[in-house]
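S.K.: Right, I'll just put the structure down here and ask away after.
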Amino acid sequence: MTTDGDKSGVLQIDVDSKLYYRGQGIRVEIRDSDLILIQPATTRRRFDLPIGLYEISAVLEDGKRTTKIVAVTEKESTRISLDPDLPFQPPASTKEHDFHSLSEMHQLESLKSEMELVDISSDVTVYAVESHWIIRHAEDMEQVPVATLRIAGRAVRASLPISAGDHRYSVTCHVKRHAETRSKLPEINISQSRSIASAMESMVFAGQFESAARLASNAMKTLLEKFVDPTGAVLAALILHKTDRLDDKLALLIHLVQRFDWLPDGKILLASQLARIPEKRHIASQLACDASKQRILFTETFSLLLDLLRYWPAEGDSSARSEALSRLGKCAPFVDWRSTYLCDRLPEDHDADAATPTRA
């Protein structure tokens with residue numbers, strides 16, 4: 001039982017978050033001691049409740065459903081705080097000279113380890129700290145940046161979720177310097193300083209797709225117009241595609257494609273939308289074929305492009321699509337499908353010396 005006659009008390013909930021106007025828009029749920037939902041998702045923060053035990057929960061930017069048990073009493077107002085439990089990420093340096101090119105890094109780091117950064121796109125610089133490489137792009141973007149890493153003797157090439165800018169805008173990503181050697185998969189994350197994009201990534205990792213879709217619905221416009229972060233915006237578009245909510249954002253998706261031609265994932269998502277409209281299929285076909293010539297950011301959009309080209313819904317000249325499939329087919333056998341960001345093993349003959357240009 002959660003009640004004691006008609007006695008009641010006041011519950012005040014505080015949410016510590018960088019999202020939704022510092023947590024004001026985050027929805028909380030309340031269950032009684034029998035775990036019966038008595039307050040569905042709401043942005044209210046003050047409740048009059050019968051005295052007893054309650055479970056309070058909300059999905060925060062760490063991607064997890066944060067839960068607390070609280071006893072509501074009659075004598076005084078009960079106040080609790082829900083706080084995200086973010087994994088440790090060292091902050092990026094604000095000093096320009098702390099970011100180095102690959103050749104400068106190799107001069108500074110003489111010792112080899114189980115995970116090495118052996119090559120990276122030439123227009124990218126890296127800040128090395130004990131636990132991570134923090135990677136940024138300081139010039140105009142021409143393609144999705146890639147890094148080649150050697151993990152336990154095996155070379156892999158990974159797309160990096162960064163965007164044009166510098167450390168002042170924190171459009172960076174973190175790569176953990178100590179990988180799980182059994183998986184031979186680099187651990188790449190959007191930097192937590194990019195609070196909206198990082199939160200969406202965490203929610204996807206945790207399987208919280210409803211919360212991710214709600215955030216993505218507003219984030220796409222914000223990350224295109226207010227905080228310019230195209231890789232974050234395309235993550236929002238991918239989440240909306242996965243939850244079948246991208247139709248309402250078609251104008252924003254077109255804007256993303258037109259403004260950031262170097263990012264093929266937007267073209268792939270737009271092509272998948274337009275392919276369902278008979279009079280737009282020629283545009284979709286061109287977008288899909290163009291995307292196949294570029295380095296793709298997300299493993300899921302790579303897979304989507306493969307399926308789109310394989311099962312094209314229209315008859316007609318298919319030579320361009322066949323060429324596009326052939327291009328993708330050269331990479332597909334080496335893709336690690338477990339990775340969020342496109343990660344492909346280099347062929348065996350490259351493993352001995354993976355330091356080759358990473359232009360895709």
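By order in the structure tokens, chains are A, B, ...; within a chain, residues start at 1; ligands start at 1, following the order shown.
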Could you list, as a VMD selection string, every residue within 8 Å of region 327-339 of chain A, counting only C-alpha atoms and ignoring same-chain residues fewer than 6 positions away?

M.R.: chain A and resid 185 292 to 293 299 306 345 to 347

S.K.: Could you check which of A:Leu235, A:Leu11, A:Leu325, A:Ala284 is closest to Met203 (chain A), using only C-alpha atoms?

M.R.: A:Leu235

S.K.: Skipping near chain neighbours, those fewer than 3 positions away, what residues fall within 12 Å of Asp85 (chain A) using only C-alpha atoms, listed as number ranges by chain?

M.R.: A: 16-17, 59-67, 82, 88-89, 199, 202

S.K.: For Pro264 (chain A), work out the shell of residues within 9 Å, counting only C-alpha atoms and skipping chain neighbours fewer than 3 positions away, then give it as a compact mmCIF listing (two decimals) with C-alpha atoms, in the first residue's frame.

M.R.:
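Now in selection17.txt:
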```txt
# COMPACT_ATOMS: atom_id res chain seq x y z
CA GLN A 143 34.61 14.75 -46.78
CA VAL A 144 33.84 12.69 -43.71
CA VAL A 257 21.85 17.92 -48.12
CA PHE A 260 26.59 19.98 -46.45
CA ASP A 261 27.36 18.17 -49.68
CA LYS A 267 21.76 12.17 -49.28
CA ILE A 268 21.09 8.53 -48.40
CA LEU A 269 18.28 9.41 -46.00
CA LEU A 287 21.48 11.10 -54.68
CA ALA A 288 22.12 7.43 -53.91
CA ASP A 290 26.49 10.29 -55.56
CA ALA A 291 26.57 9.10 -51.94
CA SER A 292 28.23 5.83 -52.98
CA LYS A 293 31.27 7.81 -54.14
CA GLN A 294 31.85 9.38 -50.72
CA ARG A 295 32.99 8.15 -47.32
CA ILE A 296 29.87 7.43 -45.25
CA LEU A 297 29.63 8.31 -41.55
CA THR A 301 23.21 4.55 -43.53
```

S.K.: Counting only C-alpha atoms, which residue out of A:Asp248, A:Asp265, A:Glu29, A:Asp344 sits closest to Ala155 (chain A)?

M.R.: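 Using only C-alpha atoms, the shortest distance to Ala155 (chain A) belongs to A:Asp344.
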
S.K.: Calculate how many Å separate CA of Ser193 (chain A) from CA of Val171 (chain A), rounding to one decimal.

M.R.: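 Pair CA of Ser193 (chain A) / CA of Val171 (chain A) returns 8.0 Å.
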